[in-house]
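> Got a structure for you, questions after.
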Amino acid sequence: MPELAEVEFYRKQWDAGLRAKILSVELHARKRVFRGGKTRELRQHLTGSRFTESSARGKQMLFRFSGGNWLGLHLGMSGTLRVEPAEFRPEKHDHLLLRQVRRALVFRDPRLFGRVRFHHGKATPPWWSMAPEISSADFNANYVAEFLRRHSRAPIKAVLLLQHGFPGVGNWMADEILWRAKVAPAKRTGALTSTQVRALRRATRFVSSEAMRIIGRDFSDPPRSWLIHERWKAGGICPRHKTPLTRGTIGGRTTAWCTKCQPE
DNA sequence: GGAGATGTTTCAAG
DNA sequence: GCTTGAAACATCTC
């Protein structure tokens, strides 16, 4: 599920627990979400620490705790973060639970494609580094052009999904961006005109900022005019033309587009 | 029962 | 060494 704005929404859920102590940590240590992770260290260090700060970059989240403790979370395909009452009993898919006096912070992930990481140290973890965020000044025309050039033989849909170039963009956002920029998803990146590249960057920034504003705030629905509402529907139509959408697999992912808006 | 799902990593080939 | 594409990962839903 979660892309840029959904991740932002979930991150903020845990902010209810800011400044409060972690009384205890409960986790399903053998689950895949902890792969390669130091669950014992995580439990020992977080217990008794205070939750001080949270941030997100693309789909990655970082939660900071007193004493130089950092928790990294990725939601994968089906992860969510939420807050439950203090006496909450975790269920089957609630793989990590941080207990505070007044609440429990819960990470759930049925499909286990998400990931939990832990780092103990003064500075931010070594794995916390990322490409320029879409909303930043560094995500400029030169940066985008250079990234596209490096992937000139790949279909543009696949390139939009690369997190080290377009952090936070996932399957629905990529389709939304391509539809707005009127670019066919299978188009080889190197074959794009400069007008199309400009349109893509513009659409990327627009979809990101609007999604953050609407979905990121309270999980509201984007306007009816967005492609997202038609993408998976049987008989989904282009919001512009009311013509049926085309479906196919591009870059290994199901893709929906309008052949009238986005001709080859 | 089978296919597919809003993601990333790994591996092999070019 | 870099890019690309397919498979693998685990579970649920239609």
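Simple scheme: letters A, B, ... for chains in structure tokens order, numbers from 1 for residues in each chain, numbers from 1 for ligands in the order shown.
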Which residues, written as number ranges by chain, have at least one atom at most 12 Å from DT11 (chain C), with only C-alpha atoms (C1' of nucleotides) counted and residues fewer than 5 positions away on the same chain left out?
A: 77-78, 92-93, 109-113; B: 5
> At a cut-off of 10 Å, list the chain B residues touching chain A, using only C-alpha atoms (C1' of nucleotides), as a PyMOL selection string.
chain B and resi 4-8
> Residues of region 18-262 of chain A in strand (DSSP E or B) according to DSSP, as JSON, numbers by chain?
{"A": [21, 24, 25, 26, 27, 50, 51, 52, 53, 54, 55, 56, 57, 60, 61, 62, 63, 64, 65, 69, 70, 71, 72, 73, 74, 80, 81, 82, 83, 84, 85, 94, 95, 96, 97, 98, 99, 103, 104, 105, 106, 107, 108, 115, 116, 117, 118, 119, 120, 155, 188, 237, 244, 246, 247, 248, 249, 250, 253, 254, 255, 256, 257]}
> Which of region 6-253 of chain A counts as helix (DSSP H, G or I) under DSSP, as a PyMOL selection string please?
chain A and resi 6-17+32-34+39-46+141-150+156-160+171-181+189-191+194-218+227-229
> Given a cut-off of 10 Å, which residues of chain C touch chain A, counting only C-alpha atoms (C1' of nucleotides), written out as a PyMOL selection string?
chain C and resi 2-6+9-12
> Name the residues in contact with Ala191 (chain A) at a cut-off of 12 Å, using only C-alpha atoms (C1' of nucleotides), excluding same-chain residues fewer than 5 positions from it; report them as a list of chain:residue names.
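Near neighbours after the sequence-gap exclusion: A:Leu148, A:Arg149, A:His151, A:Ser152, A:Arg153, A:Ala154, A:Pro155, A:Ile156, A:Val183, A:Ala184, A:Pro185, A:Ala186, A:Gln196, A:Val197, A:Glu264.
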> Write the residues of the selection above to a file with all heavy atoms, as an mmCIF file, in the first residue's frame.

```cif
data_model
loop_
_atom_site.group_PDB
_atom_site.id
_atom_site.type_symbol
_atom_site.label_atom_id
_atom_site.label_comp_id
_atom_site.auth_asym_id
_atom_site.auth_seq_id
_atom_site.Cartn_x
_atom_site.Cartn_y
_atom_site.Cartn_z
ATOM 1 N N LEU A 148 17.601 10.316 -15.570
ATOM 2 C CA LEU A 148 16.940 9.677 -16.715
ATOM 3 C C LEU A 148 17.977 9.193 -17.731
ATOM 4 O O LEU A 148 17.842 8.126 -18.322
ATOM 5 C CB LEU A 148 15.952 10.635 -17.381
ATOM 6 C CG LEU A 148 14.771 11.096 -16.530
ATOM 7 C CD1 LEU A 148 13.803 11.925 -17.374
ATOM 8 C CD2 LEU A 148 14.026 9.927 -15.893
ATOM 9 N N ARG A 149 19.030 9.973 -17.911
ATOM 10 C CA ARG A 149 20.068 9.591 -18.864
ATOM 11 C C ARG A 149 20.730 8.272 -18.469
ATOM 12 O O ARG A 149 21.039 7.439 -19.309
ATOM 13 C CB ARG A 149 21.120 10.710 -18.946
ATOM 14 C CG ARG A 149 22.078 10.586 -20.128
ATOM 15 C CD ARG A 149 23.329 11.437 -19.930
ATOM 16 N NE ARG A 149 24.049 11.122 -18.708
ATOM 17 C CZ ARG A 149 24.775 10.006 -18.522
ATOM 18 N NH1 ARG A 149 24.854 9.104 -19.479
ATOM 19 N NH2 ARG A 149 25.386 9.793 -17.368
ATOM 20 N N HIS A 151 19.451 5.854 -17.180
ATOM 21 C CA HIS A 151 18.544 4.709 -17.381
ATOM 22 C C HIS A 151 17.839 4.812 -18.728
ATOM 23 O O HIS A 151 16.651 4.499 -18.839
ATOM 24 C CB HIS A 151 17.522 4.657 -16.242
ATOM 25 C CG HIS A 151 18.159 4.449 -14.904
ATOM 26 N ND1 HIS A 151 18.597 3.230 -14.462
ATOM 27 C CD2 HIS A 151 18.464 5.331 -13.923
ATOM 28 C CE1 HIS A 151 19.129 3.359 -13.254
ATOM 29 N NE2 HIS A 151 19.068 4.628 -12.917
ATOM 30 N N SER A 152 18.577 5.222 -19.726
ATOM 31 C CA SER A 152 17.948 5.585 -20.998
ATOM 32 C C SER A 152 17.353 4.401 -21.753
ATOM 33 O O SER A 152 16.489 4.586 -22.603
ATOM 34 C CB SER A 152 18.959 6.326 -21.879
ATOM 35 O OG SER A 152 20.124 5.544 -22.007
ATOM 36 N N ARG A 153 17.757 3.185 -21.453
ATOM 37 C CA ARG A 153 17.201 2.037 -22.188
ATOM 38 C C ARG A 153 16.003 1.404 -21.490
ATOM 39 O O ARG A 153 15.323 0.563 -22.046
ATOM 40 C CB ARG A 153 18.294 0.980 -22.424
ATOM 41 C CG ARG A 153 19.455 1.527 -23.259
ATOM 42 C CD ARG A 153 20.164 0.468 -24.082
ATOM 43 N NE ARG A 153 20.296 -0.822 -23.417
ATOM 44 C CZ ARG A 153 21.272 -1.136 -22.545
ATOM 45 N NH1 ARG A 153 22.192 -0.237 -22.240
ATOM 46 N NH2 ARG A 153 21.327 -2.312 -22.012
ATOM 47 N N ALA A 154 15.735 1.819 -20.279
ATOM 48 C CA ALA A 154 14.609 1.247 -19.524
ATOM 49 C C ALA A 154 13.319 2.011 -19.829
ATOM 50 O O ALA A 154 13.358 3.190 -20.166
ATOM 51 C CB ALA A 154 14.910 1.321 -18.032
ATOM 52 N N PRO A 155 12.168 1.334 -19.703
ATOM 53 C CA PRO A 155 10.902 2.042 -19.864
ATOM 54 C C PRO A 155 10.718 3.061 -18.737
ATOM 55 O O PRO A 155 11.082 2.795 -17.593
ATOM 56 C CB PRO A 155 9.846 0.933 -19.787
ATOM 57 C CG PRO A 155 10.524 -0.243 -19.181
ATOM 58 C CD PRO A 155 11.992 -0.097 -19.455
ATOM 59 N N ILE A 156 10.168 4.204 -19.066
ATOM 60 C CA ILE A 156 10.062 5.296 -18.090
ATOM 61 C C ILE A 156 9.290 4.879 -16.843
ATOM 62 O O ILE A 156 9.604 5.311 -15.727
ATOM 63 C CB ILE A 156 9.448 6.566 -18.744
ATOM 64 C CG1 ILE A 156 9.385 7.725 -17.753
ATOM 65 C CG2 ILE A 156 8.092 6.293 -19.356
ATOM 66 C CD1 ILE A 156 10.719 8.193 -17.210
ATOM 67 N N VAL A 183 2.606 10.759 -21.059
ATOM 68 C CA VAL A 183 3.725 9.942 -21.552
ATOM 69 C C VAL A 183 3.354 8.463 -21.440
ATOM 70 O O VAL A 183 2.876 8.026 -20.390
ATOM 71 C CB VAL A 183 4.999 10.221 -20.724
ATOM 72 C CG1 VAL A 183 6.113 9.246 -21.088
ATOM 73 C CG2 VAL A 183 5.460 11.665 -20.935
ATOM 74 N N ALA A 184 3.574 7.714 -22.510
ATOM 75 C CA ALA A 184 3.286 6.273 -22.494
ATOM 76 C C ALA A 184 4.265 5.562 -21.563
ATOM 77 O O ALA A 184 5.477 5.795 -21.632
ATOM 78 C CB ALA A 184 3.387 5.694 -23.899
ATOM 79 N N PRO A 185 3.774 4.683 -20.683
ATOM 80 C CA PRO A 185 4.624 4.053 -19.673
ATOM 81 C C PRO A 185 5.756 3.209 -20.239
ATOM 82 O O PRO A 185 6.811 3.081 -19.618
ATOM 83 C CB PRO A 185 3.658 3.182 -18.865
ATOM 84 C CG PRO A 185 2.425 3.061 -19.698
ATOM 85 C CD PRO A 185 2.364 4.294 -20.538
ATOM 86 N N ALA A 186 5.557 2.620 -21.427
ATOM 87 C CA ALA A 186 6.582 1.737 -22.000
ATOM 88 C C ALA A 186 7.643 2.508 -22.776
ATOM 89 O O ALA A 186 8.635 1.926 -23.222
ATOM 90 C CB ALA A 186 5.928 0.700 -22.914
ATOM 91 N N GLN A 196 8.623 16.417 -22.903
ATOM 92 C CA GLN A 196 8.075 15.342 -22.065
ATOM 93 C C GLN A 196 8.803 15.241 -20.733
ATOM 94 O O GLN A 196 8.183 15.010 -19.697
ATOM 95 C CB GLN A 196 8.147 14.010 -22.821
ATOM 96 C CG GLN A 196 7.122 13.913 -23.949
ATOM 97 C CD GLN A 196 7.243 12.606 -24.723
ATOM 98 O OE1 GLN A 196 8.343 12.187 -25.091
ATOM 99 N NE2 GLN A 196 6.112 11.962 -24.965
ATOM 100 N N VAL A 197 10.116 15.430 -20.756
ATOM 101 C CA VAL A 197 10.889 15.382 -19.511
ATOM 102 C C VAL A 197 10.436 16.508 -18.581
ATOM 103 O O VAL A 197 10.253 16.306 -17.376
ATOM 104 C CB VAL A 197 12.403 15.489 -19.794
ATOM 105 C CG1 VAL A 197 13.188 15.646 -18.498
ATOM 106 C CG2 VAL A 197 12.885 14.264 -20.562
ATOM 107 N N GLU A 264 1.825 5.863 -27.924
ATOM 108 C CA GLU A 264 3.207 5.333 -27.999
ATOM 109 C C GLU A 264 4.178 6.336 -28.602
ATOM 110 O O GLU A 264 3.950 6.916 -29.622
ATOM 111 C CB GLU A 264 3.235 4.053 -28.842
ATOM 112 C CG GLU A 264 2.667 2.836 -28.100
ATOM 113 C CD GLU A 264 3.320 2.608 -26.741
ATOM 114 O OE1 GLU A 264 4.570 2.591 -26.684
ATOM 115 O OE2 GLU A 264 2.596 2.462 -25.754
#
```
> Quick one: distance from CA of Arg64 (chain A) to CA of Gly48 (chain A) in Å, one decimal?
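Calculated distance between CA of Arg64 (chain A) and CA of Gly48 (chain A) is 13.3 Å.
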> Have a look at CA of Val7 (chain A) and CA of Pro167 (chain A) and let me know their distance in Å, one decimal.
11.7 Å
> One decimal, in Å: what's the spacing between CA of Ser49 (chain A) and CA of Lys21 (chain A)?
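That distance, rounded to one decimal, is 5.6 Å.
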